[in-house]
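Below is the file model-v2.cif, which contains mmCIF, C-alpha atoms and all ligand atoms.
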```cif
data_my_file
#
loop_
_atom_site.label_atom_id
_atom_site.label_comp_id
_atom_site.auth_asym_id
_atom_site.auth_seq_id
_atom_site.Cartn_x
_atom_site.Cartn_y
_atom_site.Cartn_z
CA MET A 1 -27.01 -6.14 -10.74
CA ASP A 2 -25.60 -5.39 -14.20
CA ILE A 3 -22.88 -7.74 -15.43
CA VAL A 4 -20.69 -6.79 -18.40
CA ILE A 5 -18.10 -9.02 -20.06
CA ALA A 6 -15.47 -6.80 -21.70
CA ASP A 7 -12.09 -7.15 -23.36
CA PRO A 8 -9.21 -5.58 -21.44
CA PRO A 9 -8.79 -2.00 -22.73
CA GLY A 10 -5.98 -1.57 -25.27
CA PRO A 11 -3.61 1.43 -25.36
CA CYS A 12 -6.33 4.07 -24.92
CA MET A 13 -5.05 6.40 -22.20
CA LEU A 14 -2.24 8.93 -21.83
CA SER A 15 -0.82 9.64 -18.41
CA VAL A 16 1.09 12.91 -17.99
CA GLY A 17 3.50 13.18 -15.08
CA GLU A 18 3.16 9.55 -14.00
CA LYS A 19 6.62 9.79 -12.47
CA TYR A 20 6.63 12.31 -9.59
CA GLY A 21 4.17 14.69 -11.32
CA LEU A 22 7.02 16.85 -12.58
CA PRO A 23 6.41 20.09 -14.51
CA SER A 24 7.36 20.26 -18.19
CA SER A 25 10.69 21.59 -19.38
CA GLY A 26 9.38 22.01 -22.93
CA GLY A 27 9.43 19.57 -25.81
CA GLU A 28 7.58 17.96 -28.67
CA VAL A 29 4.92 15.27 -28.48
CA ARG A 30 4.44 12.77 -31.30
CA LEU A 31 1.88 10.00 -31.21
CA THR A 32 -0.42 7.95 -33.37
CA ILE A 33 -4.14 7.48 -32.87
CA ASP A 34 -5.69 4.52 -34.70
CA GLY A 35 -2.47 4.33 -36.72
CA GLY A 36 -2.55 7.94 -37.98
CA LYS A 37 0.50 10.07 -37.15
CA LEU A 38 -0.25 13.20 -35.11
CA GLY A 39 2.18 15.97 -34.13
CA PRO A 40 4.82 17.02 -33.50
CA TRP A 41 3.03 19.24 -30.99
CA ASN A 42 4.98 21.85 -29.04
CA ILE A 43 4.59 21.73 -25.28
CA GLY A 44 5.87 24.76 -23.40
CA GLY A 45 7.96 24.79 -20.25
CA GLU A 46 6.84 24.98 -16.62
CA LEU A 47 3.44 23.40 -17.26
CA THR A 48 1.84 21.13 -14.67
CA PRO A 49 0.74 17.69 -15.89
CA GLU A 50 -2.85 19.00 -16.01
CA GLN A 51 -1.85 22.01 -18.14
CA THR A 52 0.08 19.76 -20.54
CA ALA A 53 -2.92 17.42 -20.71
CA ARG A 54 -5.19 20.37 -21.55
CA ASP A 55 -2.86 21.31 -24.45
CA LEU A 56 -3.00 17.69 -25.64
CA ILE A 57 -6.81 17.74 -25.43
CA ARG A 58 -6.91 20.69 -27.85
CA TYR A 59 -4.65 18.91 -30.35
CA ILE A 60 -6.37 15.53 -30.04
CA GLU A 61 -9.90 16.94 -30.29
CA ASN A 62 -8.87 19.00 -33.34
CA ALA A 63 -7.94 15.67 -34.91
CA GLY A 64 -11.53 14.49 -34.44
CA PHE A 65 -11.27 12.40 -31.25
CA ARG A 66 -12.94 12.76 -27.87
CA THR A 67 -11.09 12.94 -24.58
CA GLU A 68 -11.86 12.44 -20.89
CA LEU A 69 -9.48 14.13 -18.46
CA THR A 70 -9.06 13.04 -14.85
CA VAL A 71 -6.60 14.92 -12.68
CA GLY A 72 -5.24 12.75 -9.89
CA VAL A 73 -4.43 13.74 -6.36
CA ARG A 74 -0.89 14.86 -5.59
CA GLY A 75 0.95 12.18 -3.67
CA SER A 76 3.44 13.01 -0.93
CA THR A 77 6.39 12.40 -3.28
CA ASP A 78 4.89 14.27 -6.25
CA ALA A 79 5.53 17.82 -7.46
CA PHE A 80 2.01 18.05 -8.91
CA ALA A 81 -0.90 15.68 -9.45
CA GLN A 82 -0.58 13.54 -12.56
CA ALA A 83 -3.25 13.74 -15.26
CA ASP A 84 -4.93 10.90 -17.15
CA LEU A 85 -6.41 11.42 -20.59
CA LEU A 86 -8.69 8.75 -22.01
CA VAL A 87 -9.04 8.97 -25.81
CA ARG A 88 -12.18 7.84 -27.60
CA ARG A 89 -13.34 7.90 -31.21
CA ALA A 90 -16.26 10.12 -32.21
CA ASP A 91 -18.59 7.13 -31.72
CA GLY A 92 -17.42 6.70 -28.12
CA THR A 93 -15.36 3.52 -28.59
CA LEU A 94 -11.84 3.51 -27.21
CA ALA A 95 -9.17 4.75 -29.62
CA GLU A 96 -5.78 3.09 -29.99
CA ILE A 97 -2.77 5.23 -29.10
CA GLY A 98 0.75 4.42 -30.32
CA GLN A 99 4.16 5.92 -30.93
CA TRP A 100 5.85 7.08 -34.10
CA PRO A 101 8.45 4.53 -35.22
CA ASN A 102 11.83 5.32 -33.65
CA GLU A 103 10.57 8.49 -31.95
CA PRO A 104 9.87 9.04 -28.26
CA LEU A 105 6.35 10.00 -27.23
CA THR A 106 7.75 13.22 -25.80
CA THR A 107 11.16 14.89 -26.08
CA ASP A 108 10.58 16.63 -22.74
CA SER A 109 13.41 15.47 -20.50
CA MET A 110 11.51 16.11 -17.29
CA GLN A 111 7.78 15.49 -17.62
CA SER A 112 6.86 11.94 -18.57
CA ILE A 113 4.03 10.89 -20.85
CA ASP A 114 3.05 7.22 -20.76
CA ILE A 115 0.49 5.16 -22.61
CA GLY A 116 -1.85 3.19 -20.37
CA MET A 117 -3.13 -0.21 -21.49
CA VAL A 118 -4.23 -3.43 -19.84
CA ARG A 119 -2.34 -6.67 -20.50
CA LEU A 120 -3.80 -9.50 -18.49
CA ASP A 121 -1.52 -12.23 -19.84
CA ASP A 122 1.07 -11.22 -17.23
CA GLY A 123 -1.53 -10.40 -14.57
CA LEU A 124 -2.83 -6.99 -13.52
CA GLU A 125 -0.14 -4.79 -11.97
CA SER A 126 -1.42 -4.06 -8.48
CA TYR A 127 -0.70 -1.04 -6.34
CA GLY A 128 2.04 -0.62 -3.78
CA VAL A 129 1.86 1.31 -0.52
CA ASN A 130 2.35 4.67 -2.25
CA GLU A 131 -0.39 4.10 -4.81
CA ILE A 132 -3.17 2.98 -2.47
CA ASN A 133 -5.47 5.81 -3.56
CA MET A 134 -4.40 6.29 -7.18
CA GLY A 135 -3.72 2.72 -8.35
CA THR A 136 -1.16 1.72 -10.96
CA LEU A 137 -1.32 3.01 -14.52
CA GLU A 138 -2.68 -0.36 -15.65
CA GLU A 139 -5.39 -0.36 -12.95
CA ARG A 140 -6.41 3.21 -13.72
CA THR A 141 -6.67 2.39 -17.43
CA LEU A 142 -8.92 -0.58 -16.62
CA LEU A 143 -11.19 1.37 -14.29
CA ARG A 144 -11.36 4.62 -16.24
CA ALA A 145 -12.01 2.85 -19.56
CA LEU A 146 -14.66 0.42 -18.34
CA SER A 147 -16.33 2.18 -15.39
CA ASN A 148 -19.95 3.23 -15.90
CA LYS A 149 -19.07 6.43 -13.96
CA GLU A 150 -22.50 6.56 -12.36
CA PRO A 151 -22.48 8.06 -8.89
CA GLY A 152 -24.08 5.83 -6.29
CA THR A 153 -22.87 2.58 -7.85
CA MET A 154 -20.14 0.24 -6.70
CA GLU A 155 -18.29 -1.64 -9.39
CA ILE A 156 -16.54 -4.98 -9.07
CA PHE A 157 -13.97 -5.88 -11.73
CA ILE A 158 -12.95 -9.52 -12.13
CA VAL A 159 -9.56 -10.27 -13.71
CA ASN A 160 -7.73 -13.55 -14.23
CA ARG A 161 -4.99 -12.73 -11.74
CA PHE A 162 -2.79 -10.02 -10.30
CA GLU A 163 0.87 -9.76 -11.23
CA GLY A 164 2.97 -11.74 -8.80
CA SER A 165 -0.12 -13.80 -7.83
CA ARG A 166 -0.10 -12.77 -4.16
CA LYS A 167 -3.10 -10.46 -4.14
CA GLN A 168 -6.59 -11.76 -4.69
CA GLY A 169 -8.51 -8.54 -4.27
CA GLU A 170 -8.16 -4.82 -3.71
CA SER A 171 -10.44 -1.83 -3.38
CA PHE A 172 -10.62 1.84 -4.18
CA ILE A 173 -13.01 4.16 -2.38
CA ALA A 174 -14.50 7.44 -3.52
CA SER A 175 -12.76 10.04 -1.36
CA PRO A 176 -10.94 13.36 -1.70
CA ALA A 177 -7.74 11.32 -2.13
CA GLY A 178 -9.07 8.94 -4.79
CA THR A 179 -10.38 9.47 -8.31
CA LEU A 180 -11.50 5.94 -9.16
CA GLY A 181 -14.88 5.92 -7.43
CA ASP A 182 -16.05 2.97 -5.35
CA ALA A 183 -14.57 -0.07 -7.05
CA ALA A 184 -13.01 -3.39 -6.18
CA ILE A 185 -10.87 -5.66 -8.32
CA LEU A 186 -10.91 -9.40 -7.67
CA ASP A 187 -9.12 -12.30 -9.32
CA TRP A 188 -10.82 -15.59 -10.15
CA ARG A 189 -9.36 -17.31 -7.07
CA ALA A 190 -11.15 -14.81 -4.87
CA LEU A 191 -14.44 -15.98 -6.36
CA GLY A 192 -13.43 -19.65 -6.44
CA ARG A 193 -12.73 -19.59 -2.71
CA ALA A 194 -15.85 -17.62 -1.88
CA ARG A 195 -17.10 -20.07 0.73
CA THR A 196 -13.86 -20.21 2.66
CA ALA A 197 -11.98 -16.96 2.14
CA TYR A 198 -14.66 -14.27 1.90
CA THR A 199 -12.34 -12.06 -0.19
CA PHE A 200 -15.25 -10.64 -2.19
CA THR A 201 -17.15 -9.86 1.01
CA HIS A 202 -14.01 -8.34 2.57
CA GLU A 203 -13.54 -5.99 -0.42
CA LEU A 204 -17.24 -5.04 -0.36
CA GLY A 205 -16.68 -4.31 3.33
CA HIS A 206 -13.96 -1.80 2.41
CA LEU A 207 -16.33 -0.08 -0.04
CA LEU A 208 -19.30 0.01 2.34
CA LEU A 209 -17.19 1.19 5.26
CA GLY A 210 -15.41 3.78 3.07
CA ASP A 211 -12.22 2.65 4.77
CA LEU A 212 -9.23 0.85 3.26
CA SER A 213 -7.50 0.13 6.58
CA HIS A 214 -7.56 -3.13 8.54
CA PRO A 215 -8.21 -3.57 12.28
CA ASP A 216 -4.85 -5.40 12.66
CA SER A 217 -3.00 -2.25 11.55
CA ARG A 218 -4.39 -0.74 14.78
CA GLY A 219 -3.22 -3.69 16.83
CA ASP A 220 -6.46 -5.67 16.78
CA ARG A 221 -5.59 -9.37 16.79
CA ARG A 222 -9.04 -10.81 16.20
CA THR A 223 -8.28 -12.69 12.96
CA TRP A 224 -11.88 -13.86 12.80
CA LEU A 225 -13.05 -10.35 11.95
CA LEU A 226 -14.04 -9.98 8.29
CA MET A 227 -11.96 -6.83 7.88
CA HIS A 228 -8.78 -8.32 9.36
CA SER A 229 -6.11 -8.32 6.63
CA ARG A 230 -5.54 -12.03 7.14
CA ALA A 231 -9.18 -13.02 7.40
CA SER A 232 -8.67 -14.96 4.17
CA SER A 233 -6.33 -17.33 5.97
CA ALA A 234 -8.85 -17.99 8.73
CA VAL A 235 -10.42 -20.66 6.57
CA GLY A 236 -13.92 -21.46 7.77
CA GLY A 237 -13.64 -18.78 10.48
CA PRO A 238 -16.63 -16.73 11.50
CA ASN A 239 -15.46 -13.62 9.56
CA ARG A 240 -17.63 -11.33 11.64
CA ILE A 241 -18.31 -7.63 11.33
CA THR A 242 -18.82 -5.55 14.44
CA GLU A 243 -22.11 -3.88 15.32
CA GLU A 244 -20.52 -0.50 14.68
CA GLN A 245 -19.38 -1.61 11.21
CA CYS A 246 -22.83 -2.98 10.54
CA SER A 247 -24.49 0.36 11.25
CA ILE A 248 -21.92 2.25 9.15
CA MET A 249 -22.60 -0.10 6.23
CA ARG A 250 -26.39 0.23 6.58
CA ALA A 251 -26.12 4.03 6.62
CA ARG A 252 -23.86 3.95 3.56
CA LEU A 253 -26.29 1.73 1.65
CA GLU A 254 -29.17 4.08 2.47
CA GLU A 255 -27.08 7.02 1.28
CA LEU A 256 -26.27 5.19 -1.98
CA GLY A 257 -29.91 4.24 -2.47
CA SER A 258 -30.94 7.88 -2.33
CA ILE A 259 -28.46 9.08 -5.00
ZN ZN A 301 -8.48 -5.42 2.88
#
```
Can the structure in the file be given as structure tokens, please?
Ligand SMILES: [Zn+2]
Amino acid sequence: MDIVIADPPGPCMLSVGEKYGLPSSGGEVRLTIDGGKLGPWNIGGELTPEQTARDLIRYIENAGFRTELTVGVRGSTDAFAQADLLVRRADGTLAEIGQWPNEPLTTDSMQSIDIGMVRLDDGLESYGVNEINMGTLEERTLLRALSNKEPGTMEIFIVNRFEGSRKQGESFIASPAGTLGDAAILDWRALGRARTAYTFTHELGHLLLGDLSHPDSRGDRRTWLLMHSRASSAVGGPNRITEEQCSIMRARLEELGSI
């Protein structure tokens, strides 16, 4: 198992259409990369977030930087899928994106552009029910910036804590609805309580089952099952997996081993 200790990524990602994936109405984009002013760049009207991001890629790469585009999956309340653009220097290290003093990032009144960065002093912003596949902007910045992006690997990210301190772990699974690969995020309490709460094991269970749901959401009251959403409160409980889950996990591991 490879273990990497990394600083939280700074402001290194642009997210186009974070709010509702709206199309552009036309405007100008101004930003700084590593302190240098870039723009204003004209963005036309009626562009999807992906099309706007592709325009930005042209401008940013002309300025000598590298980009990595990931188009999300359209959520039920979105017009189009949002688009994330990671910006790196020519040597591959993460660039630092900022705003011009006293100028908005974009003058487009409809299509939002946000800068993604990770600030762990206030905890990692965790996803709500509508972001279960896409994650929050902060989570996506963390995963996109630090993931090794190798197919067939599962990545576990450890942070100090989640915002609000209620969550101890969450997972993302590679699926048509998700673009973050197989990854789990845990806070230090989840590791500290490893012998009683099994949070780490529970999140690995989500990844190996390829399923983010819990048996209790289907009316199953067996709190001693590992995948029960309240298994972590069954301190010292058996935390079992079923035979069916066991065979799904074994098959998944074999599949991963052959990639
Ligand atoms: Zn769970």
Per residue of chain A within 7 Å of ligand ZN 301 (chain A), which atom pair is closest and at what distance in Å (one decimal), using all atoms listed in the file, listed by chain and increasing number, as CSV?
```
residue,atom,partner,partner_atom,distance
A:Glu170,CA,A:ZN301,ZN,6.6
A:His202,CA,A:ZN301,ZN,6.3
A:Glu203,CA,A:ZN301,ZN,6.1
A:His206,CA,A:ZN301,ZN,6.6
A:Leu212,CA,A:ZN301,ZN,6.3
A:Ser213,CA,A:ZN301,ZN,6.7
A:His214,CA,A:ZN301,ZN,6.2
A:Met227,CA,A:ZN301,ZN,6.3
A:Ser229,CA,A:ZN301,ZN,5.3
```
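Minimum distance to A:Leu256 across A:Glu243, A:Glu50, A:Asp182, A:Glu61 (counting all atoms listed in the file) occurs at A:Asp182.
The interatomic distance for the pair atom CA of A:Leu120 and atom CA of A:Ile3 works out to 19.4 Å.
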Subject >> Distance query 8 Å from (-1.4, -2.5, -24.4) using all atoms listed in the file, result as a VMD selection string >> reply: chain A and resid 9 to 11 116 to 119
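Going from atom CA of A:Ile185 over to atom CA of A:Ile158, you cover 5.8 Å.
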**OP:** Find the residue from A:Met13, A:Ala184, A:Ala251, A:Leu225 that sits nearest to A:Val159; use only C-alpha atoms when measuring.
**Re:** A:Ala184
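Here the question is which of A:Thr93, A:Gln82, A:Thr199, A:Ser24 gets nearest to A:Cys12 using only C-alpha atoms, and that residue is A:Thr93.
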How about completing stretch 32-44 of chain A with N, CA, C and O atoms and giving it to me as a PDB file, in the frame of the given file?
```pdb
ATOM      1  N   THR A  32       0.524   8.382 -32.343  1.00  0.00           N
ATOM      2  CA  THR A  32      -0.420   7.950 -33.370  1.00  0.00           C
ATOM      3  C   THR A  32      -1.738   7.634 -32.670  1.00  0.00           C
ATOM      4  O   THR A  32      -1.744   7.185 -31.519  1.00  0.00           O
ATOM      5  N   ILE A  33      -2.838   7.930 -33.359  1.00  0.00           N
ATOM      6  CA  ILE A  33      -4.140   7.480 -32.870  1.00  0.00           C
ATOM      7  C   ILE A  33      -4.791   6.692 -34.000  1.00  0.00           C
ATOM      8  O   ILE A  33      -4.901   7.197 -35.130  1.00  0.00           O
ATOM      9  N   ASP A  34      -5.162   5.456 -33.688  1.00  0.00           N
ATOM     10  CA  ASP A  34      -5.690   4.520 -34.700  1.00  0.00           C
ATOM     11  C   ASP A  34      -4.758   4.445 -35.912  1.00  0.00           C
ATOM     12  O   ASP A  34      -5.215   4.391 -37.063  1.00  0.00           O
ATOM     13  N   GLY A  35      -3.471   4.510 -35.666  1.00  0.00           N
ATOM     14  CA  GLY A  35      -2.470   4.330 -36.720  1.00  0.00           C
ATOM     15  C   GLY A  35      -2.078   5.611 -37.444  1.00  0.00           C
ATOM     16  O   GLY A  35      -1.067   5.646 -38.140  1.00  0.00           O
ATOM     17  N   GLY A  36      -2.868   6.686 -37.293  1.00  0.00           N
ATOM     18  CA  GLY A  36      -2.550   7.940 -37.980  1.00  0.00           C
ATOM     19  C   GLY A  36      -1.559   8.768 -37.181  1.00  0.00           C
ATOM     20  O   GLY A  36      -1.748   8.965 -35.981  1.00  0.00           O
ATOM     21  N   LYS A  37      -0.509   9.264 -37.851  1.00  0.00           N
ATOM     22  CA  LYS A  37       0.500  10.070 -37.150  1.00  0.00           C
ATOM     23  C   LYS A  37      -0.046  11.450 -36.794  1.00  0.00           C
ATOM     24  O   LYS A  37      -0.633  12.128 -37.651  1.00  0.00           O
ATOM     25  N   LEU A  38       0.164  11.865 -35.554  1.00  0.00           N
ATOM     26  CA  LEU A  38      -0.250  13.200 -35.110  1.00  0.00           C
ATOM     27  C   LEU A  38       0.952  13.902 -34.480  1.00  0.00           C
ATOM     28  O   LEU A  38       1.783  13.284 -33.842  1.00  0.00           O
ATOM     29  N   GLY A  39       1.048  15.204 -34.664  1.00  0.00           N
ATOM     30  CA  GLY A  39       2.180  15.970 -34.130  1.00  0.00           C
ATOM     31  C   GLY A  39       3.220  16.179 -35.225  1.00  0.00           C
ATOM     32  O   GLY A  39       2.940  15.916 -36.392  1.00  0.00           O
ATOM     33  N   PRO A  40       4.416  16.666 -34.852  1.00  0.00           N
ATOM     34  CA  PRO A  40       4.820  17.020 -33.500  1.00  0.00           C
ATOM     35  C   PRO A  40       4.074  18.249 -32.965  1.00  0.00           C
ATOM     36  O   PRO A  40       3.843  19.193 -33.703  1.00  0.00           O
ATOM     37  N   TRP A  41       3.697  18.139 -31.665  1.00  0.00           N
ATOM     38  CA  TRP A  41       3.030  19.240 -30.990  1.00  0.00           C
ATOM     39  C   TRP A  41       3.992  19.844 -29.981  1.00  0.00           C
ATOM     40  O   TRP A  41       4.615  19.129 -29.189  1.00  0.00           O
ATOM     41  N   ASN A  42       4.092  21.180 -29.993  1.00  0.00           N
ATOM     42  CA  ASN A  42       4.980  21.850 -29.040  1.00  0.00           C
ATOM     43  C   ASN A  42       4.311  21.962 -27.675  1.00  0.00           C
ATOM     44  O   ASN A  42       3.163  22.379 -27.570  1.00  0.00           O
ATOM     45  N   ILE A  43       5.063  21.563 -26.664  1.00  0.00           N
ATOM     46  CA  ILE A  43       4.590  21.730 -25.280  1.00  0.00           C
ATOM     47  C   ILE A  43       5.560  22.702 -24.607  1.00  0.00           C
ATOM     48  O   ILE A  43       6.779  22.506 -24.667  1.00  0.00           O
ATOM     49  N   GLY A  44       5.018  23.748 -24.029  1.00  0.00           N
ATOM     50  CA  GLY A  44       5.870  24.760 -23.400  1.00  0.00           C
ATOM     51  C   GLY A  44       6.509  24.272 -22.103  1.00  0.00           C
ATOM     52  O   GLY A  44       6.281  23.146 -21.669  1.00  0.00           O
TER      53      GLY A  44
END
```
